[in-house]
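This is model.txt. It holds compact mmCIF, C-alpha atoms and all ligand atoms.
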```
# COMPACT_ATOMS: atom_id res chain seq x y z
CA MET B 296 -22.22 51.60 154.24
CA THR B 297 -23.73 48.29 155.32
CA ALA B 298 -24.90 45.60 152.96
CA THR B 299 -28.54 46.60 153.39
CA GLU B 300 -27.76 50.14 152.17
CA LEU B 301 -26.11 48.96 148.93
CA PRO B 302 -27.72 50.08 145.69
CA SER B 303 -29.58 47.14 144.16
CA SER B 304 -27.05 46.88 141.34
CA LEU B 305 -24.49 45.82 143.95
CA ILE B 306 -24.81 42.83 146.22
CA PRO B 307 -22.37 41.90 148.96
CA THR B 308 -19.83 39.09 148.75
CA LEU B 309 -18.96 36.80 151.63
CA PRO B 310 -16.89 38.50 154.34
CA GLY B 311 -13.09 38.24 154.18
CA ASN B 312 -12.70 35.75 157.03
CA THR B 313 -14.62 33.06 155.14
CA TYR B 314 -11.57 32.83 152.85
CA THR B 315 -8.96 32.68 155.61
CA ASP B 316 -10.41 31.20 158.80
CA PRO B 317 -9.21 27.60 159.31
CA ALA B 318 -12.34 26.84 161.36
CA ILE B 319 -14.57 27.85 158.45
CA PHE B 320 -12.43 25.83 156.06
CA GLU B 321 -12.80 22.82 158.33
CA LEU B 322 -16.56 23.28 158.32
CA GLU B 323 -16.51 23.38 154.51
CA GLN B 324 -14.45 20.20 154.43
CA GLU B 325 -16.92 18.48 156.72
CA LYS B 326 -20.16 19.76 155.18
CA ILE B 327 -19.18 20.06 151.53
CA PHE B 328 -16.17 18.00 150.43
CA GLU B 329 -16.86 15.07 152.76
CA GLN B 330 -20.56 15.01 151.87
CA MET B 331 -20.81 15.64 148.14
CA TRP B 332 -19.60 13.72 145.10
CA PHE B 333 -15.94 14.68 144.56
CA CYS B 334 -14.29 14.17 141.17
CA ALA B 335 -11.05 12.52 142.23
CA VAL B 336 -9.18 10.45 139.67
CA ARG B 337 -9.25 9.85 135.94
CA GLY B 338 -9.99 6.16 135.43
CA ALA B 339 -7.48 5.80 132.59
CA ASP B 340 -4.71 6.88 134.98
CA LEU B 341 -5.16 3.47 136.63
CA PRO B 342 -5.34 1.10 133.65
CA ASP B 343 -4.09 -2.09 135.35
CA ALA B 344 -4.96 -4.05 138.47
CA GLY B 345 -2.87 -2.77 141.36
CA ASN B 346 -2.36 0.75 139.99
CA PHE B 347 -3.29 3.22 142.69
CA ARG B 348 -3.60 6.89 143.43
CA THR B 349 -4.10 8.64 146.76
CA VAL B 350 -6.05 11.89 147.01
CA GLN B 351 -7.10 14.22 149.78
CA ILE B 352 -10.83 14.72 150.07
CA GLY B 353 -11.83 17.01 152.89
CA ARG B 354 -9.80 15.86 155.87
CA GLU B 355 -9.39 12.30 154.62
CA SER B 356 -6.75 10.56 152.53
CA VAL B 357 -8.44 8.23 150.07
CA LEU B 358 -6.86 5.35 148.16
CA VAL B 359 -8.25 4.60 144.69
CA THR B 360 -7.16 1.43 142.92
CA ARG B 361 -8.02 -0.84 140.01
CA SER B 362 -9.04 -4.20 141.40
CA ARG B 363 -8.56 -7.59 139.79
CA ASP B 364 -12.06 -7.66 138.28
CA GLY B 365 -11.24 -4.47 136.38
CA SER B 366 -13.39 -2.16 138.49
CA LEU B 367 -12.18 0.91 140.34
CA ARG B 368 -12.36 0.78 144.14
CA ALA B 369 -11.85 3.46 146.74
CA PHE B 370 -11.01 3.11 150.42
CA LEU B 371 -10.02 5.30 153.30
CA ASN B 372 -6.23 5.14 153.26
CA ILE B 373 -6.01 3.97 156.85
CA CYS B 374 -4.89 0.61 158.22
CA ARG B 375 -7.61 -0.94 160.36
CA HIS B 376 -5.11 -2.32 162.88
CA ARG B 377 -3.69 0.74 164.62
CA GLY B 378 -4.42 3.40 162.06
CA ALA B 379 -1.20 3.86 160.09
CA ARG B 380 -1.54 5.54 156.73
CA LEU B 381 -1.43 2.64 154.30
CA CYS B 382 0.02 4.29 151.18
CA VAL B 383 2.13 7.40 151.47
CA GLU B 384 2.92 7.72 147.76
CA GLU B 385 0.61 9.73 145.53
CA THR B 386 0.69 7.13 142.77
CA GLY B 387 2.12 3.67 142.35
CA THR B 388 1.46 0.04 141.67
CA VAL B 389 1.25 -2.94 143.99
CA LYS B 390 1.59 -6.48 142.70
CA ARG B 391 -1.24 -8.16 144.55
CA ASN B 392 -1.92 -6.46 147.86
CA PHE B 393 -1.51 -3.37 149.96
CA GLN B 394 0.71 -4.04 152.93
CA CYS B 395 0.79 -1.74 155.90
CA PRO B 396 4.37 -0.66 156.63
CA TYR B 397 3.80 -0.79 160.41
CA HIS B 398 2.88 -4.40 161.39
CA ALA B 399 2.34 -5.76 157.88
CA TRP B 400 -1.41 -6.27 157.82
CA THR B 401 -2.16 -7.02 154.19
CA TYR B 402 -5.25 -6.08 152.20
CA GLY B 403 -6.42 -7.31 148.82
CA LEU B 404 -7.24 -4.90 145.99
CA ASP B 405 -10.88 -5.37 146.99
CA GLY B 406 -10.03 -4.04 150.47
CA LYS B 407 -10.38 -7.36 152.28
CA LEU B 408 -7.92 -8.20 155.02
CA VAL B 409 -6.02 -11.13 153.56
CA ALA B 410 -3.12 -11.65 155.92
CA ALA B 411 -1.57 -10.43 159.12
CA PRO B 412 1.44 -11.79 160.98
CA ASN B 413 0.28 -14.43 163.45
CA LEU B 414 -3.27 -14.19 162.17
CA THR B 415 -3.61 -17.90 162.80
CA SER B 416 -3.52 -17.07 166.48
CA MET B 417 -6.62 -14.89 165.89
CA PRO B 418 -8.96 -17.32 164.13
CA ASP B 419 -12.03 -15.36 165.15
CA ILE B 420 -11.05 -12.17 163.29
CA ASP B 421 -13.55 -11.28 160.58
CA ARG B 422 -11.51 -10.42 157.49
CA THR B 423 -14.28 -8.40 155.91
CA GLU B 424 -15.10 -6.56 159.11
CA TYR B 425 -11.45 -5.54 159.40
CA GLY B 426 -11.03 -4.78 155.73
CA LEU B 427 -10.35 -1.27 154.47
CA LYS B 428 -13.27 1.12 154.83
CA PRO B 429 -14.86 1.51 151.40
CA VAL B 430 -15.74 4.87 149.87
CA HIS B 431 -18.67 5.28 147.45
CA LEU B 432 -17.47 5.48 143.86
CA ARG B 433 -19.25 6.36 140.66
CA GLU B 434 -17.65 6.61 137.22
CA TRP B 435 -18.78 9.37 134.89
CA LEU B 436 -17.00 11.21 132.05
CA GLY B 437 -14.08 8.82 132.54
CA TYR B 438 -13.46 9.96 136.13
CA ALA B 439 -14.00 8.30 139.49
CA TRP B 440 -16.31 10.49 141.56
CA LEU B 441 -16.11 9.62 145.24
CA CYS B 442 -18.39 10.33 148.14
CA LEU B 443 -17.39 9.97 151.79
CA ALA B 444 -20.91 10.40 153.14
CA ALA B 445 -22.56 7.35 154.66
CA GLU B 446 -25.58 8.09 152.44
CA PRO B 447 -24.40 9.88 149.29
CA PRO B 448 -26.67 12.46 147.72
CA SER B 449 -28.22 11.53 144.38
CA PHE B 450 -25.53 11.79 141.67
CA GLU B 451 -28.25 12.70 139.17
CA GLN B 452 -29.62 15.50 141.32
CA THR B 453 -26.27 17.03 142.22
CA VAL B 454 -23.41 16.50 139.74
CA GLN B 455 -25.52 15.81 136.67
CA GLN B 456 -28.06 18.45 137.63
CA ASP B 457 -25.34 21.13 137.57
CA VAL B 458 -24.41 20.07 134.03
CA ARG B 459 -28.05 19.83 132.97
CA GLU B 460 -28.85 23.30 134.34
CA ARG B 461 -25.99 24.81 132.43
CA LEU B 462 -26.31 22.99 129.10
CA GLY B 463 -30.06 22.41 129.05
CA ASN B 464 -29.70 18.63 128.87
CA LEU B 465 -27.16 15.87 129.40
CA ASP B 466 -27.05 14.88 125.73
CA ALA B 467 -25.18 18.10 125.07
CA ILE B 468 -22.20 16.79 127.05
CA GLY B 469 -22.83 13.21 125.93
CA ASN B 470 -21.98 14.33 122.39
CA TYR B 471 -18.37 14.92 123.39
CA GLN B 472 -18.01 11.29 124.58
CA VAL B 473 -15.64 12.51 127.23
CA SER B 474 -14.91 9.08 128.68
CA GLU B 475 -13.61 7.94 125.27
CA LEU B 476 -11.05 10.74 124.95
CA GLY B 477 -7.32 10.46 125.55
CA LEU B 478 -5.19 12.59 127.84
CA GLY B 479 -3.17 15.05 125.77
CA ARG B 480 -1.71 17.01 128.67
CA ARG B 481 -2.09 17.41 132.42
CA ILE B 482 -0.84 20.42 134.31
CA THR B 483 -1.03 20.68 138.09
CA TYR B 484 -1.23 24.14 139.64
CA ASP B 485 -0.52 24.80 143.32
CA VAL B 486 -2.63 27.89 143.91
CA LYS B 487 -2.16 29.95 147.06
CA ALA B 488 -5.82 30.88 147.28
CA ASN B 489 -9.04 29.70 148.88
CA TRP B 490 -11.11 27.34 146.73
CA LYS B 491 -14.08 29.75 146.70
CA LEU B 492 -12.01 32.50 145.08
CA ILE B 493 -11.18 30.06 142.28
CA ILE B 494 -14.83 29.11 141.76
CA GLU B 495 -16.00 32.73 141.87
CA ASN B 496 -13.39 33.68 139.31
CA PHE B 497 -14.40 30.84 137.02
CA MET B 498 -18.06 31.85 137.29
CA GLU B 499 -17.63 35.38 135.97
CA CYS B 500 -16.17 36.98 132.88
CA TYR B 501 -16.11 40.56 134.15
CA HIS B 502 -12.33 40.07 134.40
CA CYS B 503 -11.91 38.60 130.92
CA ALA B 504 -11.29 41.88 129.12
CA THR B 505 -8.66 42.87 131.69
CA ILE B 506 -6.64 39.70 132.18
CA HIS B 507 -7.37 37.33 129.26
CA PRO B 508 -6.19 39.01 126.04
CA GLU B 509 -5.70 35.70 124.20
CA LEU B 510 -9.07 34.27 125.27
CA THR B 511 -11.04 37.38 124.32
CA GLU B 512 -9.33 37.32 120.94
CA VAL B 513 -10.75 33.83 120.34
CA LEU B 514 -14.12 34.55 122.04
CA PRO B 515 -14.85 38.23 121.34
CA GLU B 516 -18.13 38.22 123.31
CA PHE B 517 -16.08 37.69 126.48
CA ALA B 518 -14.65 41.16 126.06
CA ASP B 519 -18.06 42.59 127.05
CA GLY B 520 -17.64 41.17 130.52
CA TYR B 521 -20.89 39.26 130.46
CA ALA B 522 -20.86 35.83 131.96
CA ALA B 523 -22.02 34.39 128.69
CA GLN B 524 -21.32 30.98 130.13
CA TYR B 525 -24.24 31.42 132.47
CA TYR B 526 -27.11 31.59 130.02
CA VAL B 527 -28.59 28.12 129.84
CA GLY B 528 -27.37 26.28 126.78
CA HIS B 529 -25.33 29.19 125.48
CA GLY B 530 -21.87 28.56 124.09
CA ALA B 531 -19.62 31.53 123.39
CA VAL B 532 -19.04 31.82 119.65
CA PHE B 533 -15.54 31.87 118.16
CA GLY B 534 -14.54 35.14 116.45
CA ASP B 535 -15.00 35.29 112.67
CA GLU B 536 -11.30 34.99 111.91
CA ILE B 537 -10.73 32.24 114.46
CA LYS B 538 -10.06 28.76 113.10
CA GLY B 539 -9.66 26.84 116.35
CA PHE B 540 -9.44 27.09 120.14
CA THR B 541 -5.68 27.64 120.12
CA ILE B 542 -3.31 30.27 121.46
CA ASP B 543 -3.23 32.17 118.16
CA GLY B 544 -6.68 31.20 116.87
CA GLY B 545 -5.04 28.89 114.31
CA GLU B 546 -6.40 25.56 113.16
CA GLY B 547 -7.15 22.98 115.84
CA PHE B 548 -8.05 19.32 115.25
CA ASP B 549 -11.10 17.74 113.62
CA ARG B 550 -14.36 18.17 115.46
CA LEU B 551 -14.89 15.32 117.92
CA ASP B 552 -17.22 12.59 116.68
CA GLY B 553 -20.67 13.28 118.04
CA VAL B 554 -20.29 17.03 118.50
CA ASP B 555 -23.17 18.49 116.52
CA SER B 556 -23.20 21.52 114.24
CA ASP B 557 -24.84 23.72 116.93
CA GLN B 558 -21.85 23.03 119.15
CA ASP B 559 -19.27 23.70 116.46
CA ARG B 560 -17.17 26.87 116.87
CA ARG B 561 -18.49 27.31 120.38
CA TYR B 562 -17.07 27.21 123.89
CA TYR B 563 -19.11 25.98 126.85
CA ALA B 564 -18.04 26.36 130.48
CA ILE B 565 -19.66 24.42 133.29
CA THR B 566 -19.13 24.60 137.04
CA VAL B 567 -19.96 21.38 138.86
CA ARG B 568 -20.15 21.97 142.58
CA PRO B 569 -18.07 21.75 144.61
CA GLN B 570 -14.75 21.36 142.76
CA VAL B 571 -14.97 20.73 139.01
CA PHE B 572 -14.88 22.98 135.94
CA ILE B 573 -15.52 21.60 132.49
CA ASN B 574 -14.81 23.40 129.22
CA LEU B 575 -16.11 22.02 125.95
CA VAL B 576 -14.77 23.12 122.57
CA PRO B 577 -15.26 21.30 119.27
CA ASP B 578 -11.97 19.41 119.24
CA HIS B 579 -11.14 18.96 122.93
CA VAL B 580 -12.41 19.00 126.48
CA ILE B 581 -10.69 20.58 129.47
CA ILE B 582 -11.45 19.30 132.95
CA HIS B 583 -10.23 20.99 136.12
CA ARG B 584 -10.37 19.17 139.44
CA MET B 585 -9.73 21.27 142.52
CA PHE B 586 -8.29 19.74 145.69
CA PRO B 587 -8.75 22.21 148.54
CA MET B 588 -5.79 21.65 150.88
CA ALA B 589 -6.05 24.57 153.32
CA ALA B 590 -7.98 27.82 153.67
CA ASP B 591 -5.32 29.52 151.55
CA ARG B 592 -4.15 26.69 149.29
CA THR B 593 -5.83 24.73 146.51
CA ILE B 594 -4.25 22.26 144.13
CA VAL B 595 -5.81 22.24 140.68
CA GLU B 596 -5.24 19.39 138.25
CA CYS B 597 -6.17 20.35 134.72
CA ASP B 598 -6.57 17.72 131.99
CA TRP B 599 -6.70 18.46 128.27
CA LEU B 600 -8.56 15.62 126.55
CA TYR B 601 -8.49 14.92 122.80
CA ALA B 602 -9.74 12.28 120.40
CA LYS B 603 -7.78 9.07 121.03
CA ASP B 604 -6.12 9.13 117.62
CA VAL B 605 -4.83 12.67 118.20
CA VAL B 606 -3.06 11.43 121.32
CA ALA B 607 -2.04 8.06 119.88
CA THR B 608 -0.43 9.58 116.79
CA GLY B 609 1.45 12.12 118.89
CA LYS B 610 -0.08 15.18 117.25
CA ASP B 611 1.18 18.47 118.64
CA VAL B 612 -1.40 19.66 121.16
CA SER B 613 0.77 22.45 122.54
CA ARG B 614 -0.98 25.35 120.78
CA SER B 615 -4.37 24.41 122.15
CA VAL B 616 -2.97 23.56 125.60
CA GLU B 617 -1.18 26.91 125.67
CA LEU B 618 -4.41 28.90 125.33
CA PHE B 619 -6.11 27.58 128.45
CA HIS B 620 -2.83 27.14 130.35
CA ARG B 621 -2.33 30.86 129.93
CA VAL B 622 -5.93 31.50 131.02
CA ASN B 623 -5.30 29.33 134.09
CA GLU B 624 -2.13 31.21 134.99
CA GLN B 625 -3.89 34.54 134.55
CA ASP B 626 -6.85 33.41 136.66
CA PHE B 627 -4.78 31.86 139.43
CA GLU B 628 -2.55 34.90 139.63
CA ALA B 629 -5.68 37.01 140.11
CA CYS B 630 -6.91 34.66 142.86
CA GLU B 631 -3.52 34.78 144.57
CA ARG B 632 -3.64 38.56 144.38
CA CYS B 633 -6.94 38.55 146.27
CA GLN B 634 -6.08 35.93 148.89
CA PRO B 635 -3.78 38.02 151.15
CA ALA B 636 -6.27 40.90 150.98
CA MET B 637 -9.02 38.71 152.42
CA SER B 638 -7.58 39.23 155.90
CA SER B 639 -7.33 43.00 155.50
CA ARG B 640 -9.68 45.18 157.54
CA ALA B 641 -10.65 46.71 154.19
CA TYR B 642 -12.38 43.43 153.33
CA ALA B 643 -13.75 42.52 156.77
CA GLN B 644 -17.31 43.06 155.51
CA GLY B 645 -16.47 41.64 152.09
CA GLY B 646 -16.75 43.37 148.72
CA VAL B 647 -19.54 43.74 146.17
CA LEU B 648 -20.80 41.96 143.08
CA VAL B 649 -21.78 43.99 140.01
CA PRO B 650 -24.76 42.85 137.91
CA SER B 651 -22.74 40.60 135.59
CA GLU B 652 -21.51 38.79 138.72
CA HIS B 653 -24.82 38.50 140.55
CA HIS B 654 -25.07 34.77 139.97
CA ILE B 655 -22.00 34.38 142.24
CA GLY B 656 -24.35 35.48 145.03
CA GLU B 657 -26.25 32.21 144.55
CA PHE B 658 -23.01 30.31 145.05
CA HIS B 659 -22.38 32.29 148.26
CA ARG B 660 -25.88 31.58 149.55
CA TRP B 661 -25.40 27.91 148.77
CA VAL B 662 -22.08 27.75 150.67
CA GLN B 663 -23.63 29.53 153.64
CA GLU B 664 -26.65 27.28 153.68
CA VAL B 665 -24.69 24.06 153.39
CA THR B 666 -22.16 25.02 156.07
CA SER B 667 -24.85 26.23 158.45
CA THR B 668 -26.04 23.85 161.13
CA LYS B 669 -28.75 22.71 158.77
CA GLY B 670 -26.05 20.80 156.92
CA TRP B 671 -26.25 19.31 153.48
FE1 LIG B 701 -1.11 -1.24 160.09
FE2 LIG B 701 -0.45 -2.15 162.42
S1 LIG B 701 -1.07 -0.17 161.92
S2 LIG B 701 -0.46 -3.21 160.56
FE FE B 702 -10.75 33.86 133.82
```
Written as structure tokens, how would this file's structure read?
Ligand code: FES
Ligand code: FE
Amino acid sequence: MTATELPSSLIPTLPGNTYTDPAIFELEQEKIFEQMWFCAVRGADLPDAGNFRTVQIGRESVLVTRSRDGSLRAFLNICRHRGARLCVEETGTVKRNFQCPYHAWTYGLDGKLVAAPNLTSMPDIDRTEYGLKPVHLREWLGYAWLCLAAEPPSFEQTVQQDVRERLGNLDAIGNYQVSELGLGRRITYDVKANWKLIIENFMECYHCATIHPELTEVLPEFADGYAAQYYVGHGAVFGDEIKGFTIDGGEGFDRLDGVDSDQDRRYYAITVRPQVFINLVPDHVIIHRMFPMAADRTIVECDWLYAKDVVATGKDVSRSVELFHRVNEQDFEACERCQPAMSSRAYAQGGVLVPSEHHIGEFHRWVQEVTSTKGW
């Protein structure tokens, strides 16, 4: 049966090779991850001047650092002399400068070329011209969002629009004051699956009844398989007996300041294209950042954020972390189960989406449109 003969309750997915073909992945890196705003680093991870973190965005390594004036800066992690990778560590701190390990060209935290051996013999070299290549950076929700495009798309009409479309307005997320929260726990998952499988999984709840027993206990409406998270402004309601968003439904922490009574005892899930998932519950916020590394590998960093005093006083966050950590493991196992099957002849034409998954079709159309020659 071809896609055009499918009953209208079923719509086709993308074909299997879009999850495995390195050439398609490269196109996605070029047209999606290197063009859009990419949520890269939590600002509070780099509290002091000289702290740095390197991340892979599309095909580029990017260096993010706290400069002396207190602002975050991002640069392509490439020495302008002969192209050596400047920092090979994932995180670290430099005292004053970044020095290339090859011929010792030295760059300030603002990216300017400040020294090079025998530079006096090259008085005509423009130190700004040969500084590190800057990357656009915008801070929102306490994270540095980076964009490699020469002309970044509007942050308001892409990142914030995805949040607005889901929640109805930006105040709804503003209430959680995400940038003021503290990091209670971070878990990094190395998922052997294509990034699109992870997004598709996050977008639907058809699987919830099958693989998320703990989550459906806390959010009984998820057991129906409806993607409740996709009705504008709707937050899934906690079950009657549930006291908090914890592994056993037991008490959580006090509601975050600013969260209003409509948002109490509710769970909101937001997908921000192309690589961020945000979960809002009354006493914490969970932010996933995906780093697509290869067609069949995605690193996911998941942060559990709590009121600062919860973190500062060392309160035990493990029961609330455990709930979504288990959900993550269940989800990623499902994605890893699908990944090898993507290259099977059984999936050459793709699979189908049932009605409660139809909105995933919009995501597929978007990916196809953006990676087509029309570009972003
Ligand atoms: Fe960096 Fe030569 S490549 S100093
Ligand atoms: Fe799930």
Surroundings of ligand FE 702 (chain B) up to 6 Å, based on all atoms listed in the file, as a PDB file with C-alpha atoms, keeping the file's coordinate frame:
```pdb
ATOM      1  CA  PHE B 497     -14.400  30.840 137.020  1.00  0.00           C
ATOM      2  CA  CYS B 503     -11.910  38.600 130.920  1.00  0.00           C
ATOM      3  CA  ASP B 626      -6.850  33.410 136.660  1.00  0.00           C
TER       4      ASP B 626
END
```
**Q.** Selection within 12 Å of ligand LIG 701 (chain B) by only C-alpha atoms and all ligand atoms, output as a ChimeraX atom specification
**A.** /B:372-382,393-402,408-414,425-427
Export of prior selection with C-alpha atoms as a CSV table (one decimal), in the coordinates of the input:
```csv
chain,number,residue,atom,x,y,z
B,372,ASN,CA,-6.2,5.1,153.3
B,373,ILE,CA,-6.0,4.0,156.8
B,374,CYS,CA,-4.9,0.6,158.2
B,375,ARG,CA,-7.6,-0.9,160.4
B,376,HIS,CA,-5.1,-2.3,162.9
B,377,ARG,CA,-3.7,0.7,164.6
B,378,GLY,CA,-4.4,3.4,162.1
B,379,ALA,CA,-1.2,3.9,160.1
B,380,ARG,CA,-1.5,5.5,156.7
B,381,LEU,CA,-1.4,2.6,154.3
B,382,CYS,CA,0.0,4.3,151.2
B,393,PHE,CA,-1.5,-3.4,150.0
B,394,GLN,CA,0.7,-4.0,152.9
B,395,CYS,CA,0.8,-1.7,155.9
B,396,PRO,CA,4.4,-0.7,156.6
B,397,TYR,CA,3.8,-0.8,160.4
B,398,HIS,CA,2.9,-4.4,161.4
B,399,ALA,CA,2.3,-5.8,157.9
B,400,TRP,CA,-1.4,-6.3,157.8
B,401,THR,CA,-2.2,-7.0,154.2
B,402,TYR,CA,-5.2,-6.1,152.2
B,408,LEU,CA,-7.9,-8.2,155.0
B,409,VAL,CA,-6.0,-11.1,153.6
B,410,ALA,CA,-3.1,-11.6,155.9
B,411,ALA,CA,-1.6,-10.4,159.1
B,412,PRO,CA,1.4,-11.8,161.0
B,413,ASN,CA,0.3,-14.4,163.4
B,414,LEU,CA,-3.3,-14.2,162.2
B,425,TYR,CA,-11.4,-5.5,159.4
B,426,GLY,CA,-11.0,-4.8,155.7
B,427,LEU,CA,-10.4,-1.3,154.5
```
*Around (5.4, 7.9, 142.0) in the file's own coordinates, what residues are found within 12 Å if you use all atoms listed in the file, given back as a list of chain:residue names?*
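I get B:Asn346, B:Phe347, B:Arg348, B:Thr349, B:Cys382, B:Val383, B:Glu384, B:Glu385, B:Thr386, B:Gly387, B:Thr388, B:Val389 for the residues within 12 Å of that point.
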Report as JSON the centre and the edge lengths, in Å to one decimal, of the axis-aligned box holding every listed atom of stretch 571-574 of chain B, padded by 3 Å on each side.
```
{"center_x": -15.2, "center_y": 22.1, "center_z": 134.1, "size_x": 6.7, "size_y": 8.7, "size_z": 15.8}
```
### Query
Please, which residues are within 9 Å of (-9.6, 0.9, 146.0) by the file's coordinates, counting all atoms listed in the file, and could they come as a list in words?
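Answer for this query, in the requested form: Gly345, Phe347, Arg348, Val357, Leu358, Val359, Thr360, Arg361, Ser362, Ser366, Leu367, Arg368, Ala369, Phe370, Leu371, Leu404, Asp405, Gly406, Leu427, Pro429 and Val430 of chain B.
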task = Tell me which protein, DNA and RNA residues are within 6 Å of B:Gly463, counting all atoms listed in the file, leaving out same-chain ones fewer than 2 positions away, and put them as a PyMOL selection string.
result = chain B and resi 459-461+527-528
Atom CA of B:Gly609 to atom CA of B:Gly547 measures 14.2 Å
Requested file, stretch 550-618 of chain B restricted to C-alpha atoms, as a short mmCIF file (atom, residue, chain, number, x, y, z; two decimals), in the first residue's frame:
```
data_model
loop_
_atom_site.label_atom_id
_atom_site.label_comp_id
_atom_site.auth_asym_id
_atom_site.auth_seq_id
_atom_site.Cartn_x
_atom_site.Cartn_y
_atom_site.Cartn_z
CA ARG B 550 5.32 25.89 44.55
CA LEU B 551 7.81 28.19 42.82
CA ASP B 552 7.25 31.88 43.45
CA GLY B 553 5.26 33.29 40.57
CA VAL B 554 3.57 30.05 39.50
CA ASP B 555 -0.12 30.86 39.59
CA SER B 556 -2.99 28.76 40.86
CA ASP B 557 -4.01 27.71 37.31
CA GLN B 558 -0.57 26.19 36.90
CA ASP B 559 -0.58 24.40 40.23
CA ARG B 560 -0.83 20.59 40.11
CA ARG B 561 -0.22 20.65 36.38
CA TYR B 562 2.48 19.48 34.01
CA TYR B 563 3.31 21.35 30.81
CA ALA B 564 5.57 20.00 28.08
CA ILE B 565 7.00 22.19 25.35
CA THR B 566 9.09 21.30 22.30
CA VAL B 567 11.28 24.14 21.08
CA ARG B 568 12.65 23.38 17.65
CA PRO B 569 15.13 22.07 16.88
CA GLN B 570 16.62 20.57 20.06
CA VAL B 571 15.00 21.61 23.35
CA PHE B 572 12.26 20.13 25.53
CA ILE B 573 10.94 21.99 28.54
CA ASN B 574 8.77 20.51 31.28
CA LEU B 575 7.11 22.75 33.83
CA VAL B 576 5.69 21.45 37.11
CA PRO B 577 4.79 23.55 40.15
CA ASP B 578 8.03 23.05 42.08
CA HIS B 579 10.64 22.48 39.37
CA VAL B 580 11.53 22.82 35.71
CA ILE B 581 13.21 20.20 33.55
CA ILE B 582 15.16 21.28 30.49
CA HIS B 583 16.54 18.86 27.92
CA ARG B 584 19.12 20.01 25.40
CA MET B 585 19.85 17.62 22.56
CA PHE B 586 23.23 17.60 20.81
CA PRO B 587 22.90 15.61 17.58
CA MET B 588 26.32 14.00 17.02
CA ALA B 589 25.67 11.58 14.14
CA ALA B 590 22.70 10.15 12.24
CA ASP B 591 22.43 7.44 14.89
CA ARG B 592 23.71 9.21 18.00
CA THR B 593 22.37 12.09 20.09
CA ILE B 594 23.67 13.34 23.41
CA VAL B 595 20.96 14.69 25.69
CA GLU B 596 21.77 16.86 28.68
CA CYS B 597 18.89 17.06 31.10
CA ASP B 598 18.79 19.68 33.87
CA TRP B 599 16.46 19.59 36.87
CA LEU B 600 16.03 23.15 38.15
CA TYR B 601 14.63 24.07 41.57
CA ALA B 602 14.16 27.18 43.68
CA LYS B 603 17.59 28.45 44.73
CA ASP B 604 16.97 27.78 48.42
CA VAL B 605 16.06 24.14 47.70
CA VAL B 606 19.47 23.69 46.09
CA ALA B 607 21.37 25.89 48.54
CA THR B 608 20.04 24.07 51.60
CA GLY B 609 20.84 20.69 50.06
CA LYS B 610 17.27 19.39 50.10
CA ASP B 611 16.89 15.88 48.73
CA VAL B 612 15.75 16.23 45.13
CA SER B 613 16.24 12.56 44.29
CA ARG B 614 12.58 11.53 44.37
CA SER B 615 11.57 14.18 41.87
CA VAL B 616 14.66 13.61 39.71
CA GLU B 617 13.94 9.88 39.70
CA LEU B 618 10.53 10.31 38.09
#
```
